[in-house]
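work.txt follows; it contains compact mmCIF, C-alpha atoms.
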```txt
# COMPACT_ATOMS: atom_id res chain seq x y z
CA MET A 18 -13.50 8.70 11.99
CA ASN A 19 -9.79 8.34 12.83
CA PHE A 20 -9.24 4.57 12.96
CA PHE A 21 -5.59 4.13 11.87
CA ASP A 22 -2.43 6.13 12.48
CA ARG A 23 -1.38 8.60 9.79
CA GLU A 24 0.14 6.92 6.72
CA ASN A 25 3.92 6.58 6.89
CA ASP A 26 5.65 7.54 3.64
CA ILE A 27 8.52 5.15 4.36
CA SER A 28 7.00 1.70 4.81
CA ASN A 29 5.33 -1.09 2.88
CA ILE A 30 1.82 0.13 3.81
CA GLU A 31 -0.23 2.37 1.50
CA TYR A 32 -3.60 3.97 2.25
CA LYS A 33 -6.02 4.61 -0.61
CA LEU A 34 -9.41 6.19 -0.09
CA TYR A 35 -10.50 5.29 -3.64
CA ILE A 36 -8.72 3.88 -6.67
CA ASN A 37 -8.71 6.16 -9.70
CA PRO A 38 -8.19 4.01 -12.82
CA LYS A 39 -6.84 7.05 -14.70
CA LYS A 40 -3.78 7.07 -12.43
CA LYS A 41 -2.52 3.59 -13.33
CA ASN A 42 1.15 4.60 -13.79
CA ARG A 43 1.22 6.49 -10.50
CA LEU A 44 -0.40 3.55 -8.72
CA LEU A 45 2.14 1.12 -10.17
CA SER A 46 5.00 3.39 -9.14
CA GLN A 47 3.66 3.53 -5.58
CA PHE A 48 3.06 -0.22 -5.65
CA TYR A 49 6.69 -0.95 -6.58
CA TYR A 50 7.96 1.49 -3.97
CA ARG A 51 5.86 -0.19 -1.25
CA MET A 52 6.97 -3.64 -2.46
CA HIS A 53 10.63 -2.56 -2.23
CA GLU A 54 10.07 -1.21 1.26
CA GLY A 55 8.54 -4.53 2.32
CA GLY A 56 11.04 -6.82 0.59
CA GLY A 57 8.40 -8.22 -1.76
CA LYS A 58 5.35 -7.65 0.44
CA ALA A 59 3.04 -4.63 0.46
CA ILE A 60 -0.18 -3.90 2.30
CA TYR A 61 -2.89 -1.65 0.85
CA LEU A 62 -5.73 -0.29 2.93
CA ILE A 63 -8.53 0.65 0.55
CA GLY A 64 -11.15 3.01 1.92
CA VAL A 65 -8.70 4.69 4.31
CA HIS A 66 -7.60 8.34 4.02
CA ASP A 67 -3.88 9.22 4.40
CA LEU A 68 -4.65 10.57 7.87
CA GLY A 69 -6.11 7.21 8.95
CA HIS A 70 -9.76 8.21 8.67
CA LEU A 71 -12.49 5.88 7.47
CA TYR A 72 -15.08 7.39 5.12
CA ILE A 73 -16.69 4.72 2.94
CA THR A 74 -20.08 3.43 4.05
CA ASP A 75 -21.22 1.99 0.70
CA LEU A 76 -20.02 -1.55 -0.07
CA SER A 77 -20.43 -1.05 -3.84
CA LEU A 78 -17.98 1.89 -3.80
CA LEU A 79 -15.41 -0.16 -1.93
CA LEU A 80 -15.83 -3.14 -4.27
CA LYS A 81 -15.35 -0.89 -7.33
CA SER A 82 -12.07 0.39 -5.91
CA ILE A 83 -10.89 -3.11 -5.04
CA ASN A 84 -11.73 -4.32 -8.55
CA ARG A 85 -9.92 -1.36 -10.16
CA PHE A 86 -6.87 -1.96 -7.98
CA ILE A 87 -6.71 -5.68 -8.72
CA ASN A 88 -7.07 -5.05 -12.46
CA ILE A 89 -4.03 -2.76 -12.32
CA ILE A 90 -1.69 -4.91 -10.19
CA LYS A 91 -2.85 -8.47 -10.97
CA ASP A 92 0.07 -9.14 -13.33
CA HIS A 93 2.62 -7.84 -10.81
CA ALA A 94 1.80 -9.69 -7.58
CA SER A 95 -0.30 -12.32 -5.91
CA TYR A 96 -2.71 -11.00 -3.32
CA LYS A 97 -5.16 -11.70 -0.51
CA ILE A 98 -8.20 -9.49 0.06
CA LYS A 99 -10.00 -9.00 3.35
CA ILE A 100 -12.97 -6.69 3.91
CA PHE A 101 -13.72 -5.23 7.33
CA THR A 102 -16.44 -3.12 8.89
CA ASN A 103 -16.34 -0.66 11.70
CA LYS A 104 -19.98 0.40 11.57
CA PRO A 105 -21.03 2.35 9.65
CA TYR A 106 -17.70 2.27 7.76
CA ILE A 107 -16.21 -0.40 5.52
CA TYR A 108 -12.63 -0.88 4.31
CA SER A 109 -10.36 -3.49 2.80
CA ILE A 110 -6.86 -4.71 3.48
CA ILE A 111 -5.09 -6.20 0.49
CA THR A 112 -1.80 -7.98 1.12
CA LEU A 113 0.42 -8.28 -1.96
CA TYR A 114 3.35 -10.61 -2.57
CA ASN A 115 6.05 -10.72 -5.24
CA SER A 116 9.43 -12.27 -4.54
CA ASN A 117 10.79 -11.09 -7.92
CA ILE A 118 10.65 -7.34 -7.32
CA PRO A 119 13.73 -5.71 -8.92
CA GLU A 120 16.34 -3.99 -6.77
CA SER A 121 15.23 -0.58 -5.54
CA ASN A 122 17.88 1.27 -7.55
CA ASN A 123 16.61 -0.17 -10.86
CA ILE A 124 14.52 2.05 -13.08
CA ILE A 125 11.14 0.59 -14.00
CA ASP A 126 9.53 1.58 -17.33
CA PHE A 127 5.80 1.46 -16.68
CA ASN A 128 5.03 2.18 -20.35
CA LYS A 129 5.71 -1.47 -21.14
CA PHE A 130 2.99 -2.67 -18.74
```
Using C-alpha cells, write down the structure that the file contains.
Amino acid sequence: MNFFDRENDISNIEYKLYINPKKKNRLLSQFYYRMHEGGGKAIYLIGVHDLGHLYITDLSLLLKSINRFINIIKDHASYKIKIFTNKPYIYSIITLYNSNIPESNNIIDFNKF
C-alpha cells in the first residue's frame, strides 16, 4: 500500500522497513546525515519502504525493529516514539533530537561508538 511519498535522499526524513542490527555503522552514518540535514532533528519512519509503501501487519515485528533502532542510537540523541495503524498495516514515527551534532564537513569515526 502506497501511503507516503517516495523517500527523499536529501532531507532529515529516513524510511526503514526493518532495522537490521548487523548494519549498525551504516545506520549511524545515515542517522548523522539525516541529523545534519535537519539541523539536529531527524525523523525515522519504521515499517515504511523507500517507495512509501506500508508492509508490516505484525506489531511484534515493528516493536523488534523499534527496539533495535533505539539500542543503536540511544547514546546519540533523545527521541519520541509514536506508533500508528492504517489497517491492516502498522508503522512508527520516531523523532530524534541532538543539538550537539558536529558540522557536516567533520569526519565521524563510528568505530569509537
Of A:Lys104, A:Lys58, A:His66, A:Lys97, the one sitting nearest Asp22 of chain A when using all atoms listed in the file is A:His66
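If you measure from each of A:Asn19, A:Ser109, A:Asn115, A:Ser46 to Asn84 of chain A using all atoms listed in the file, the closest one turns out to be A:Ser109.
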Build an axis-aligned box that encloses every atom of segment 110-119 of chain A listed in the file, pad it by 8 Å on each side, and report its centre and edge lengths in Å to one decimal, as JSON.
```
{"center_x": 3.4, "center_y": -8.5, "center_z": -2.7, "size_x": 36.6, "size_y": 23.6, "size_z": 28.4}
```
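Interatomic distance, atom CA of Lys33 of chain A against atom CA of Gly64 of chain A: 5.9 Å.
Nearest residue to Ser95 of chain A, choosing from A:Tyr61, A:Tyr114, A:Tyr49, A:Tyr35 and counting all atoms listed in the file: A:Tyr114.
Between atom CA of Leu78 of chain A and atom CA of Ile36 of chain A the interatomic distance comes to 9.9 Å.
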Within 12 Å of (-13.6, -3.3, 8.1) (coordinates as in the file), grab all the protein and nucleic acid residues, counting only C-alpha atoms, and write them out as JSON, numbers by chain. {"A": [20, 21, 62, 63, 64, 65, 71, 72, 73, 74, 75, 76, 79, 98, 99, 100, 101, 102, 103, 104, 105, 106, 107, 108, 109, 110, 111]}
Please report the interatomic distance between atom CA of Asn117 of chain A and atom CA of Gly55 of chain A in Å with one decimal. 12.4 Å
Within 12 Å of Ile27 of chain A, counting only C-alpha atoms, which residues show up once you throw out same-chain ones fewer than 2 positions away? Write them as number ranges by chain, please. A: 23-25, 29-31, 47, 50-55, 59
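Among the candidates A:Tyr32, A:Lys39, A:Asp67, A:Phe48, the residue lying nearest to Ile118 of chain A is A:Phe48 (atoms considered: only C-alpha atoms).
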If I only have part of segment 85-96 of chain A, can you fill in all heavy atoms and write it as a PDB file, in the frame of the given file?
```pdb
ATOM      1  N   ARG A  85     -10.835  -2.200  -9.370  1.00  0.00           N
ATOM      2  CA  ARG A  85      -9.920  -1.360 -10.160  1.00  0.00           C
ATOM      3  C   ARG A  85      -8.472  -1.638  -9.765  1.00  0.00           C
ATOM      4  O   ARG A  85      -7.595  -1.753 -10.613  1.00  0.00           O
ATOM      5  CB  ARG A  85     -10.239   0.113  -9.942  1.00  0.00           C
ATOM      6  CG  ARG A  85     -11.516   0.555 -10.577  1.00  0.00           C
ATOM      7  CD  ARG A  85     -11.821   1.985 -10.202  1.00  0.00           C
ATOM      8  NE  ARG A  85     -13.093   2.402 -10.763  1.00  0.00           N
ATOM      9  CZ  ARG A  85     -13.840   3.358 -10.267  1.00  0.00           C
ATOM     10  NH1 ARG A  85     -13.438   4.022  -9.187  1.00  0.00           N
ATOM     11  NH2 ARG A  85     -14.973   3.678 -10.840  1.00  0.00           N
ATOM     12  N   PHE A  86      -8.222  -1.717  -8.466  1.00  0.00           N
ATOM     13  CA  PHE A  86      -6.870  -1.960  -7.980  1.00  0.00           C
ATOM     14  C   PHE A  86      -6.343  -3.300  -8.455  1.00  0.00           C
ATOM     15  O   PHE A  86      -5.227  -3.396  -8.975  1.00  0.00           O
ATOM     16  CB  PHE A  86      -6.852  -1.886  -6.448  1.00  0.00           C
ATOM     17  CG  PHE A  86      -5.502  -2.094  -5.853  1.00  0.00           C
ATOM     18  CD1 PHE A  86      -4.517  -1.135  -5.986  1.00  0.00           C
ATOM     19  CD2 PHE A  86      -5.208  -3.255  -5.162  1.00  0.00           C
ATOM     20  CE1 PHE A  86      -3.261  -1.325  -5.441  1.00  0.00           C
ATOM     21  CE2 PHE A  86      -3.969  -3.455  -4.604  1.00  0.00           C
ATOM     22  CZ  PHE A  86      -2.981  -2.494  -4.745  1.00  0.00           C
ATOM     23  N   ILE A  87      -7.136  -4.334  -8.308  1.00  0.00           N
ATOM     24  CA  ILE A  87      -6.710  -5.680  -8.720  1.00  0.00           C
ATOM     25  C   ILE A  87      -6.456  -5.729 -10.223  1.00  0.00           C
ATOM     26  O   ILE A  87      -5.496  -6.351 -10.668  1.00  0.00           O
ATOM     27  CB  ILE A  87      -7.744  -6.741  -8.277  1.00  0.00           C
ATOM     28  CG1 ILE A  87      -7.834  -6.801  -6.755  1.00  0.00           C
ATOM     29  CG2 ILE A  87      -7.425  -8.099  -8.882  1.00  0.00           C
ATOM     30  CD1 ILE A  87      -6.516  -7.045  -6.043  1.00  0.00           C
ATOM     31  N   ASN A  88      -7.287  -5.067 -11.016  1.00  0.00           N
ATOM     32  CA  ASN A  88      -7.070  -5.050 -12.460  1.00  0.00           C
ATOM     33  C   ASN A  88      -5.754  -4.382 -12.837  1.00  0.00           C
ATOM     34  O   ASN A  88      -5.138  -4.741 -13.839  1.00  0.00           O
ATOM     35  CB  ASN A  88      -8.231  -4.354 -13.180  1.00  0.00           C
ATOM     36  CG  ASN A  88      -9.431  -5.260 -13.288  1.00  0.00           C
ATOM     37  OD1 ASN A  88      -9.312  -6.477 -13.357  1.00  0.00           O
ATOM     38  ND2 ASN A  88     -10.610  -4.666 -13.295  1.00  0.00           N
ATOM     39  N   ILE A  89      -5.281  -3.442 -12.043  1.00  0.00           N
ATOM     40  CA  ILE A  89      -4.030  -2.760 -12.320  1.00  0.00           C
ATOM     41  C   ILE A  89      -2.824  -3.579 -11.880  1.00  0.00           C
ATOM     42  O   ILE A  89      -1.818  -3.648 -12.589  1.00  0.00           O
ATOM     43  CB  ILE A  89      -4.022  -1.359 -11.662  1.00  0.00           C
ATOM     44  CG1 ILE A  89      -5.060  -0.462 -12.356  1.00  0.00           C
ATOM     45  CG2 ILE A  89      -2.636  -0.724 -11.707  1.00  0.00           C
ATOM     46  CD1 ILE A  89      -5.326   0.845 -11.646  1.00  0.00           C
ATOM     47  N   ILE A  90      -2.887  -4.239 -10.732  1.00  0.00           N
ATOM     48  CA  ILE A  90      -1.690  -4.910 -10.190  1.00  0.00           C
ATOM     49  C   ILE A  90      -1.675  -6.427 -10.383  1.00  0.00           C
ATOM     50  O   ILE A  90      -0.685  -7.065 -10.060  1.00  0.00           O
ATOM     51  CB  ILE A  90      -1.497  -4.575  -8.692  1.00  0.00           C
ATOM     52  CG1 ILE A  90      -2.686  -5.009  -7.827  1.00  0.00           C
ATOM     53  CG2 ILE A  90      -1.240  -3.110  -8.495  1.00  0.00           C
ATOM     54  CD1 ILE A  90      -2.592  -6.390  -7.317  1.00  0.00           C
ATOM     55  N   LYS A  91      -2.731  -7.000 -10.939  1.00  0.00           N
ATOM     56  CA  LYS A  91      -2.850  -8.470 -10.970  1.00  0.00           C
ATOM     57  C   LYS A  91      -1.697  -9.178 -11.677  1.00  0.00           C
ATOM     58  O   LYS A  91      -1.384 -10.312 -11.349  1.00  0.00           O
ATOM     59  CB  LYS A  91      -4.180  -8.879 -11.598  1.00  0.00           C
ATOM     60  CG  LYS A  91      -4.308  -8.527 -13.053  1.00  0.00           C
ATOM     61  CD  LYS A  91      -5.673  -8.894 -13.581  1.00  0.00           C
ATOM     62  CE  LYS A  91      -5.792  -8.427 -15.029  1.00  0.00           C
ATOM     63  NZ  LYS A  91      -7.140  -8.596 -15.517  1.00  0.00           N
ATOM     64  N   ASP A  92      -1.053  -8.517 -12.622  1.00  0.00           N
ATOM     65  CA  ASP A  92       0.070  -9.140 -13.330  1.00  0.00           C
ATOM     66  C   ASP A  92       1.401  -8.915 -12.613  1.00  0.00           C
ATOM     67  O   ASP A  92       2.436  -9.380 -13.082  1.00  0.00           O
ATOM     68  CB  ASP A  92       0.169  -8.584 -14.748  1.00  0.00           C
ATOM     69  CG  ASP A  92      -1.037  -8.959 -15.600  1.00  0.00           C
ATOM     70  OD1 ASP A  92      -1.643 -10.027 -15.344  1.00  0.00           O
ATOM     71  OD2 ASP A  92      -1.378  -8.190 -16.518  1.00  0.00           O
ATOM     72  N   HIS A  93       1.375  -8.211 -11.494  1.00  0.00           N
ATOM     73  CA  HIS A  93       2.620  -7.840 -10.810  1.00  0.00           C
ATOM     74  C   HIS A  93       2.768  -8.467  -9.432  1.00  0.00           C
ATOM     75  O   HIS A  93       3.823  -8.340  -8.825  1.00  0.00           O
ATOM     76  CB  HIS A  93       2.691  -6.315 -10.681  1.00  0.00           C
ATOM     77  CG  HIS A  93       2.540  -5.606 -11.983  1.00  0.00           C
ATOM     78  ND1 HIS A  93       3.568  -5.477 -12.881  1.00  0.00           N
ATOM     79  CD2 HIS A  93       1.455  -5.029 -12.563  1.00  0.00           C
ATOM     80  CE1 HIS A  93       3.137  -4.830 -13.949  1.00  0.00           C
ATOM     81  NE2 HIS A  93       1.861  -4.544 -13.783  1.00  0.00           N
ATOM     82  N   ALA A  94       1.718  -9.114  -8.927  1.00  0.00           N
ATOM     83  CA  ALA A  94       1.800  -9.690  -7.580  1.00  0.00           C
ATOM     84  C   ALA A  94       0.633 -10.629  -7.335  1.00  0.00           C
ATOM     85  O   ALA A  94      -0.413 -10.514  -7.964  1.00  0.00           O
ATOM     86  CB  ALA A  94       1.782  -8.574  -6.532  1.00  0.00           C
ATOM     87  N   SER A  95       0.835 -11.545  -6.417  1.00  0.00           N
ATOM     88  CA  SER A  95      -0.300 -12.320  -5.910  1.00  0.00           C
ATOM     89  C   SER A  95      -0.856 -11.537  -4.723  1.00  0.00           C
ATOM     90  O   SER A  95      -0.191 -10.660  -4.172  1.00  0.00           O
ATOM     91  CB  SER A  95       0.142 -13.722  -5.498  1.00  0.00           C
ATOM     92  OG  SER A  95       1.147 -13.659  -4.521  1.00  0.00           O
ATOM     93  N   TYR A  96      -2.071 -11.831  -4.328  1.00  0.00           N
ATOM     94  CA  TYR A  96      -2.710 -11.000  -3.320  1.00  0.00           C
ATOM     95  C   TYR A  96      -3.762 -11.771  -2.536  1.00  0.00           C
ATOM     96  O   TYR A  96      -4.269 -12.792  -2.977  1.00  0.00           O
ATOM     97  CB  TYR A  96      -3.347  -9.768  -3.959  1.00  0.00           C
ATOM     98  CG  TYR A  96      -4.296 -10.104  -5.081  1.00  0.00           C
ATOM     99  CD1 TYR A  96      -5.640 -10.372  -4.838  1.00  0.00           C
ATOM    100  CD2 TYR A  96      -3.846 -10.177  -6.394  1.00  0.00           C
ATOM    101  CE1 TYR A  96      -6.503 -10.701  -5.871  1.00  0.00           C
ATOM    102  CE2 TYR A  96      -4.703 -10.505  -7.432  1.00  0.00           C
ATOM    103  CZ  TYR A  96      -6.031 -10.756  -7.161  1.00  0.00           C
ATOM    104  OH  TYR A  96      -6.884 -11.082  -8.183  1.00  0.00           O
TER     105      TYR A  96
END
```
